[in-house]
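Here the structure is laid out as structure tokens; the discussion comes afterwards.
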Amino acid sequence: MPLLAFDHVDATYGQARILHGVTFHVDPGERVAVLGRNGVGKTTIVNTLCGVADIQAGAIVLGGERHTSPRHYLAARSGIAIVLQGRGILPNLTIEENLLLGASVDRPGRWDLGAVYDLFPILGERRQSPGLGLSGGQQQMLAIGRALMANPNLLVLDEPSEGLAPVIIDELADLFRRLADEGTAIMLIEQNIGLIQRVASRYYVLSKGTVVESGDLAGMTTQQLQDHITI
Ligand SMILES: Nc1ncnc2c1ncn2[C@@H]1O[C@H](COP(=O)(O)OP(=O)(O)OP(=O)(O)O)[C@@H](O)[C@H]1O
Ligand SMILES: [Mg+2]
């Protein structure tokens, strides 16, 4: 059974229909990429999952249950943690307080403050500092750490590489692979080809709010992937 599926979802913000019949799924332990140019509706998939955008047709399937008006807690409860585009760090809370927000869904597992500080020592060193002063890379660590605090079985990442230096993106690629090897499914919404190639095994291409293509990444050249993104 998939951890998450969209079944022919039409989604709107007010009168504006952004997603048209979007269908995809992520199985346990899978590494799935969602690609597409700016403004095609990638973040709207996340927003629909969270209940920020409205579903007009179709359904979201979480752990086998169909939902036609999802709320944020439904995804969280079924073990999905989301790293929002732009990271969503609360600047006036300390790093530790930001991390603890992720633990508000009480799911058992190996991730706790100590485990996150082992993974990202800089966060432990600065645990009492406000989120405000972190660099882009450190903010992304904090956002990922906060998501891991929920002990997710699916981690949804919305353009995690945005604004980060190549060396940091390399570290993220290694981390996402490692998390997947340990059993956490990854849904990677990205435009960075290198990151997609290093992390994902399967992909969906979104264009104008519709999935126009999907398949396996194995055997696909960088140029072919680039062409898909610019559909
Ligand atoms: N809250 C909102 N209310 C109304 N329209 C919105 C809202 N958020 C996004 N949109 C519109 O929905 C469309 C899809 O936006 P979305 O943010 O999903 O794209 P995206 O693929 O994530 O783009 P990017 O790569 O720039 O992050 C755009 O036309 C955008 O203007
Ligand atoms: Mg987006």
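Residue numbering restarts at 1 for every chain of the structure tokens, chains are lettered A, B, ... in their displayed order, and ligands are numbered from 1 as they appear.
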
What are the nearest atom pairs, with distances in Å to one decimal, for all residues of chain A that come at most 6 Å from ligand 1, using only C-alpha atoms and all ligand atoms, set out by chain and rising residue number as CSV?
```
residue,atom,partner,partner_atom_place_in_ligand_line,distance
A:Tyr13,CA,ligand 1,4 (C),4.9
A:Ile18,CA,ligand 1,12 (O),5.5
A:Arg37,CA,ligand 1,25 (O),5.7
A:Asn38,CA,ligand 1,25 (O),3.4
A:Gly39,CA,ligand 1,19 (O),3.4
A:Val40,CA,ligand 1,21 (O),4.0
A:Gly41,CA,ligand 1,18 (O),3.1
A:Lys42,CA,ligand 1,21 (O),3.7
A:Thr43,CA,ligand 1,22 (O),3.6
A:Thr44,CA,ligand 1,18 (O),3.7
```

So which residues are near ligand 2, meaning at most 12 Å away with only C-alpha atoms and all ligand atoms counted, given back as a PyMOL selection string? chain A and resi 34-47+83-87+157-162+188-191+206+209

Selected residues written out with N, CA and C atoms, as a PDB file, in the first residue's frame:
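As written to disk, selection-v2.pdb reads:
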```pdb
ATOM      1  N   VAL A  34       9.668  14.806  -7.948  1.00  0.00           N
ATOM      2  CA  VAL A  34       8.656  15.550  -8.711  1.00  0.00           C
ATOM      3  C   VAL A  34       9.375  16.738  -9.323  1.00  0.00           C
ATOM      4  N   LEU A  35       9.387  16.785 -10.655  1.00  0.00           N
ATOM      5  CA  LEU A  35      10.118  17.845 -11.334  1.00  0.00           C
ATOM      6  C   LEU A  35       9.164  18.748 -12.101  1.00  0.00           C
ATOM      7  N   GLY A  36       9.670  19.892 -12.437  1.00  0.00           N
ATOM      8  CA  GLY A  36       8.864  20.815 -13.233  1.00  0.00           C
ATOM      9  C   GLY A  36       9.345  22.235 -13.030  1.00  0.00           C
ATOM     10  N   ARG A  37       9.065  23.042 -14.023  1.00  0.00           N
ATOM     11  CA  ARG A  37       9.534  24.443 -13.986  1.00  0.00           C
ATOM     12  C   ARG A  37       8.863  25.247 -12.880  1.00  0.00           C
ATOM     13  N   ASN A  38       9.308  26.485 -12.736  1.00  0.00           N
ATOM     14  CA  ASN A  38       8.697  27.394 -11.767  1.00  0.00           C
ATOM     15  C   ASN A  38       7.228  27.594 -12.105  1.00  0.00           C
ATOM     16  N   GLY A  39       6.401  27.534 -11.075  1.00  0.00           N
ATOM     17  CA  GLY A  39       4.996  27.912 -11.232  1.00  0.00           C
ATOM     18  C   GLY A  39       4.097  26.832 -11.814  1.00  0.00           C
ATOM     19  N   VAL A  40       4.597  25.596 -11.977  1.00  0.00           N
ATOM     20  CA  VAL A  40       3.745  24.550 -12.579  1.00  0.00           C
ATOM     21  C   VAL A  40       2.809  23.898 -11.564  1.00  0.00           C
ATOM     22  N   GLY A  41       3.038  24.183 -10.261  1.00  0.00           N
ATOM     23  CA  GLY A  41       2.125  23.636  -9.252  1.00  0.00           C
ATOM     24  C   GLY A  41       2.768  22.659  -8.281  1.00  0.00           C
ATOM     25  N   LYS A  42       4.094  22.621  -8.243  1.00  0.00           N
ATOM     26  CA  LYS A  42       4.779  21.656  -7.363  1.00  0.00           C
ATOM     27  C   LYS A  42       4.441  21.910  -5.890  1.00  0.00           C
ATOM     28  N   THR A  43       4.582  23.174  -5.470  1.00  0.00           N
ATOM     29  CA  THR A  43       4.271  23.490  -4.077  1.00  0.00           C
ATOM     30  C   THR A  43       2.780  23.326  -3.794  1.00  0.00           C
ATOM     31  N   THR A  44       1.975  23.490  -4.824  1.00  0.00           N
ATOM     32  CA  THR A  44       0.529  23.314  -4.626  1.00  0.00           C
ATOM     33  C   THR A  44       0.203  21.866  -4.270  1.00  0.00           C
ATOM     34  N   ILE A  45       1.013  20.922  -4.735  1.00  0.00           N
ATOM     35  CA  ILE A  45       0.835  19.520  -4.296  1.00  0.00           C
ATOM     36  C   ILE A  45       0.996  19.456  -2.778  1.00  0.00           C
ATOM     37  N   VAL A  46       2.057  20.105  -2.273  1.00  0.00           N
ATOM     38  CA  VAL A  46       2.290  20.133  -0.822  1.00  0.00           C
ATOM     39  C   VAL A  46       1.139  20.850  -0.126  1.00  0.00           C
ATOM     40  N   ASN A  47       0.730  21.977  -0.685  1.00  0.00           N
ATOM     41  CA  ASN A  47      -0.342  22.761  -0.065  1.00  0.00           C
ATOM     42  C   ASN A  47      -1.664  22.001  -0.050  1.00  0.00           C
ATOM     43  N   VAL A  83       9.194  19.265   4.612  1.00  0.00           N
ATOM     44  CA  VAL A  83      10.139  20.377   4.688  1.00  0.00           C
ATOM     45  C   VAL A  83       9.679  21.390   3.643  1.00  0.00           C
ATOM     46  N   LEU A  84       9.133  22.496   4.135  1.00  0.00           N
ATOM     47  CA  LEU A  84       8.506  23.471   3.245  1.00  0.00           C
ATOM     48  C   LEU A  84       9.531  24.209   2.394  1.00  0.00           C
ATOM     49  N   GLN A  85       9.087  24.630   1.216  1.00  0.00           N
ATOM     50  CA  GLN A  85       9.918  25.506   0.403  1.00  0.00           C
ATOM     51  C   GLN A  85      10.171  26.795   1.194  1.00  0.00           C
ATOM     52  N   GLY A  86      11.422  27.239   1.226  1.00  0.00           N
ATOM     53  CA  GLY A  86      11.748  28.410   2.045  1.00  0.00           C
ATOM     54  C   GLY A  86      11.987  28.066   3.505  1.00  0.00           C
ATOM     55  N   ARG A  87      11.814  26.811   3.839  1.00  0.00           N
ATOM     56  CA  ARG A  87      12.203  26.198   5.129  1.00  0.00           C
ATOM     57  C   ARG A  87      11.277  26.441   6.305  1.00  0.00           C
ATOM     58  N   LEU A 157      10.142  16.872   0.606  1.00  0.00           N
ATOM     59  CA  LEU A 157      11.083  18.005   0.600  1.00  0.00           C
ATOM     60  C   LEU A 157      10.780  18.894  -0.591  1.00  0.00           C
ATOM     61  N   ASP A 158      10.403  20.148  -0.340  1.00  0.00           N
ATOM     62  CA  ASP A 158      10.040  21.062  -1.427  1.00  0.00           C
ATOM     63  C   ASP A 158      11.226  21.970  -1.747  1.00  0.00           C
ATOM     64  N   GLU A 159      11.896  21.672  -2.825  1.00  0.00           N
ATOM     65  CA  GLU A 159      13.067  22.418  -3.318  1.00  0.00           C
ATOM     66  C   GLU A 159      14.101  22.687  -2.221  1.00  0.00           C
ATOM     67  N   PRO A 160      14.595  21.609  -1.598  1.00  0.00           N
ATOM     68  CA  PRO A 160      15.559  21.800  -0.505  1.00  0.00           C
ATOM     69  C   PRO A 160      16.869  22.438  -0.941  1.00  0.00           C
ATOM     70  N   SER A 161      17.217  22.346  -2.228  1.00  0.00           N
ATOM     71  CA  SER A 161      18.522  22.875  -2.666  1.00  0.00           C
ATOM     72  C   SER A 161      18.492  24.371  -2.941  1.00  0.00           C
ATOM     73  N   GLU A 162      17.295  24.951  -2.950  1.00  0.00           N
ATOM     74  CA  GLU A 162      17.144  26.354  -3.342  1.00  0.00           C
ATOM     75  C   GLU A 162      18.056  27.262  -2.517  1.00  0.00           C
ATOM     76  N   LEU A 188      11.016  14.038  -3.327  1.00  0.00           N
ATOM     77  CA  LEU A 188      11.901  15.171  -3.548  1.00  0.00           C
ATOM     78  C   LEU A 188      11.355  16.043  -4.668  1.00  0.00           C
ATOM     79  N   ILE A 189      10.836  17.207  -4.302  1.00  0.00           N
ATOM     80  CA  ILE A 189      10.360  18.177  -5.282  1.00  0.00           C
ATOM     81  C   ILE A 189      11.555  19.061  -5.609  1.00  0.00           C
ATOM     82  N   GLU A 190      12.013  19.034  -6.841  1.00  0.00           N
ATOM     83  CA  GLU A 190      13.291  19.690  -7.159  1.00  0.00           C
ATOM     84  C   GLU A 190      13.381  20.141  -8.606  1.00  0.00           C
ATOM     85  N   GLN A 191      14.275  21.111  -8.823  1.00  0.00           N
ATOM     86  CA  GLN A 191      14.668  21.476 -10.179  1.00  0.00           C
ATOM     87  C   GLN A 191      16.158  21.228 -10.387  1.00  0.00           C
ATOM     88  N   LEU A 206       5.730  17.471 -13.706  1.00  0.00           N
ATOM     89  CA  LEU A 206       4.518  18.271 -13.630  1.00  0.00           C
ATOM     90  C   LEU A 206       4.652  19.423 -14.622  1.00  0.00           C
ATOM     91  N   GLY A 209       0.210  22.146 -13.979  1.00  0.00           N
ATOM     92  CA  GLY A 209      -0.696  21.538 -13.011  1.00  0.00           C
ATOM     93  C   GLY A 209      -1.104  20.113 -13.305  1.00  0.00           C
TER      94      GLY A 209
END
```

Which residue gives the smallest distance to Arg198 of chain A among A:Ala5, A:Ala173, A:Ala150, A:Met141, with only C-alpha atoms counted? A:Ala173

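The shortest atom-to-atom distance to Asn98 of chain A, with only C-alpha atoms taken into account, belongs to A:Leu113 out of A:Ile80, A:Leu113, A:Leu154, A:Ala16.
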
Which residues in segment 57-219 of chain A does DSSP call alpha helix (DSSP H)? List them as a VMD selection string. chain A and resid 72 to 77 95 to 102 113 to 119 121 to 125 136 to 148 166 to 181 193 to 199

Write out the residues from the selection above, keeping C-alpha atoms, as a tab-separated table (two decimals), in the first residue's frame.
```tsv
chain	number	residue	atom	x	y	z
A	72	HIS	CA	-2.30	19.22	8.05
A	73	TYR	CA	-2.59	16.84	10.97
A	74	LEU	CA	-3.84	14.02	8.74
A	75	ALA	CA	-0.57	13.86	6.84
A	76	ALA	CA	1.42	14.25	10.05
A	77	ARG	CA	-0.51	11.50	11.77
A	95	ILE	CA	16.86	26.26	17.34
A	96	GLU	CA	15.80	23.78	19.98
A	97	GLU	CA	12.27	25.20	20.12
A	98	ASN	CA	12.06	24.94	16.33
A	99	LEU	CA	13.11	21.30	16.54
A	100	LEU	CA	10.63	20.51	19.28
A	101	LEU	CA	7.79	21.75	17.05
A	102	GLY	CA	8.53	18.76	14.84
A	113	LEU	CA	16.98	16.05	19.94
A	114	GLY	CA	20.13	14.05	20.64
A	115	ALA	CA	19.95	12.18	17.33
A	116	VAL	CA	19.39	15.42	15.38
A	117	TYR	CA	22.34	17.10	17.17
A	118	ASP	CA	24.51	14.08	16.33
A	119	LEU	CA	23.50	14.46	12.69
A	121	PRO	CA	26.40	19.20	15.41
A	122	ILE	CA	26.16	22.91	14.59
A	123	LEU	CA	22.51	22.87	15.66
A	124	GLY	CA	23.48	21.40	19.02
A	125	GLU	CA	26.20	24.01	19.54
A	136	GLY	CA	20.82	29.14	4.45
A	137	GLY	CA	22.47	25.74	4.79
A	138	GLN	CA	21.98	25.71	8.56
A	139	GLN	CA	18.33	26.70	8.13
A	140	GLN	CA	17.87	23.76	5.81
A	141	MET	CA	19.49	21.47	8.39
A	142	LEU	CA	17.10	22.82	10.99
A	143	ALA	CA	14.09	22.32	8.72
A	144	ILE	CA	15.17	18.74	7.97
A	145	GLY	CA	15.97	18.08	11.62
A	146	ARG	CA	12.55	19.37	12.63
A	147	ALA	CA	10.89	17.07	10.11
A	148	LEU	CA	12.91	14.08	11.34
A	166	PRO	CA	26.90	23.10	-4.35
A	167	VAL	CA	28.95	21.60	-1.52
A	168	ILE	CA	25.94	21.76	0.82
A	169	ILE	CA	23.70	20.26	-1.87
A	170	ASP	CA	26.17	17.35	-2.10
A	171	GLU	CA	25.82	16.79	1.63
A	172	LEU	CA	22.02	16.85	1.34
A	173	ALA	CA	22.17	14.25	-1.43
A	174	ASP	CA	24.20	11.92	0.79
A	175	LEU	CA	21.84	12.51	3.70
A	176	PHE	CA	18.69	11.81	1.68
A	177	ARG	CA	20.20	8.60	0.31
A	178	ARG	CA	21.16	7.52	3.80
A	179	LEU	CA	17.69	8.24	5.17
A	180	ALA	CA	16.16	6.24	2.34
A	181	ASP	CA	18.57	3.35	2.95
A	193	ILE	CA	19.15	17.83	-11.79
A	194	GLY	CA	22.25	16.67	-9.93
A	195	LEU	CA	20.33	16.28	-6.68
A	196	ILE	CA	17.48	14.45	-8.41
A	197	GLN	CA	19.89	12.04	-10.09
A	198	ARG	CA	21.73	11.28	-6.89
A	199	VAL	CA	18.64	10.77	-4.77
```

For Leu62 of chain A: contacts at 9 Å, only C-alpha atoms, fewer than 3 positions along chain excluded, given as a compact mmCIF listing (two decimals) with N, CA and C atoms, in the first residue's frame:
```txt
# COMPACT_ATOMS: atom_id res chain seq x y z
N PRO A 2 0.58 2.23 -0.88
CA PRO A 2 1.40 3.46 -0.88
C PRO A 2 1.28 4.23 0.43
N LEU A 3 2.34 4.93 0.79
CA LEU A 3 2.29 5.82 1.96
C LEU A 3 1.44 7.03 1.64
N LEU A 4 1.57 7.48 0.39
CA LEU A 4 0.85 8.67 -0.07
C LEU A 4 0.48 8.48 -1.54
N ALA A 5 -0.76 8.81 -1.86
CA ALA A 5 -1.14 8.83 -3.28
C ALA A 5 -2.09 9.99 -3.52
N PHE A 6 -1.97 10.59 -4.69
CA PHE A 6 -2.96 11.53 -5.20
C PHE A 6 -3.72 10.78 -6.30
N GLU A 65 -6.52 5.29 3.26
CA GLU A 65 -7.76 6.04 3.48
C GLU A 65 -7.86 7.23 2.55
N ARG A 66 -9.04 7.37 1.94
CA ARG A 66 -9.23 8.47 0.99
C ARG A 66 -9.72 9.73 1.72
N HIS A 67 -9.11 10.86 1.35
CA HIS A 67 -9.50 12.14 1.96
C HIS A 67 -9.80 13.15 0.85
N LEU A 74 -3.62 15.34 9.33
CA LEU A 74 -3.84 14.02 8.74
C LEU A 74 -2.56 13.46 8.15
N ALA A 75 -1.84 14.31 7.41
CA ALA A 75 -0.57 13.86 6.84
C ALA A 75 0.41 13.55 7.96
N SER A 78 -0.24 10.32 9.68
CA SER A 78 0.04 9.09 8.94
C SER A 78 1.54 8.95 8.65
```

Let me make sure I understand: among A:Val105, A:Leu132, A:Ile55, A:Met187, which one has the smallest atom-to-atom distance to Asn92 of chain A if we use only C-alpha atoms?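 Under the stated criterion, the closest residue is A:Leu132.
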
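Considering only C-alpha atoms, the residue among A:Arg31, A:Gly183, A:Pro108, A:Asp10 positioned nearest to Asp216 of chain A is A:Arg31.
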
Distance atom CA of Phe120 of chain A-atom CA of Ser201 of chain A, one decimal place?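 A separation of 25.9 Å between them.
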
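Between Arg107 of chain A and the residues A:Asn151, A:Asn192, A:Thr230, A:Thr210, the shortest atom-to-atom distance, using only C-alpha atoms, involves A:Asn151.
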
From the list A:Val26, A:Leu90, A:Leu217, A:Ala81, which residue is nearest Val61 of chain A when using only C-alpha atoms?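 When distances to Val61 of chain A are compared using only C-alpha atoms, the smallest one comes from A:Val26.
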
What is the distance between atom CA of Asp227 of chain A and atom CA of His8 of chain A, in Å to one decimal?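 For atom CA of Asp227 of chain A relative to atom CA of His8 of chain A, the distance reads 25.1 Å.
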
Separation of atom CA of Asn153 of chain A and atom CA of Ile186 of chain A, in Å?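 Taking atom CA of Asn153 of chain A and atom CA of Ile186 of chain A, their separation equals 8.6 Å.
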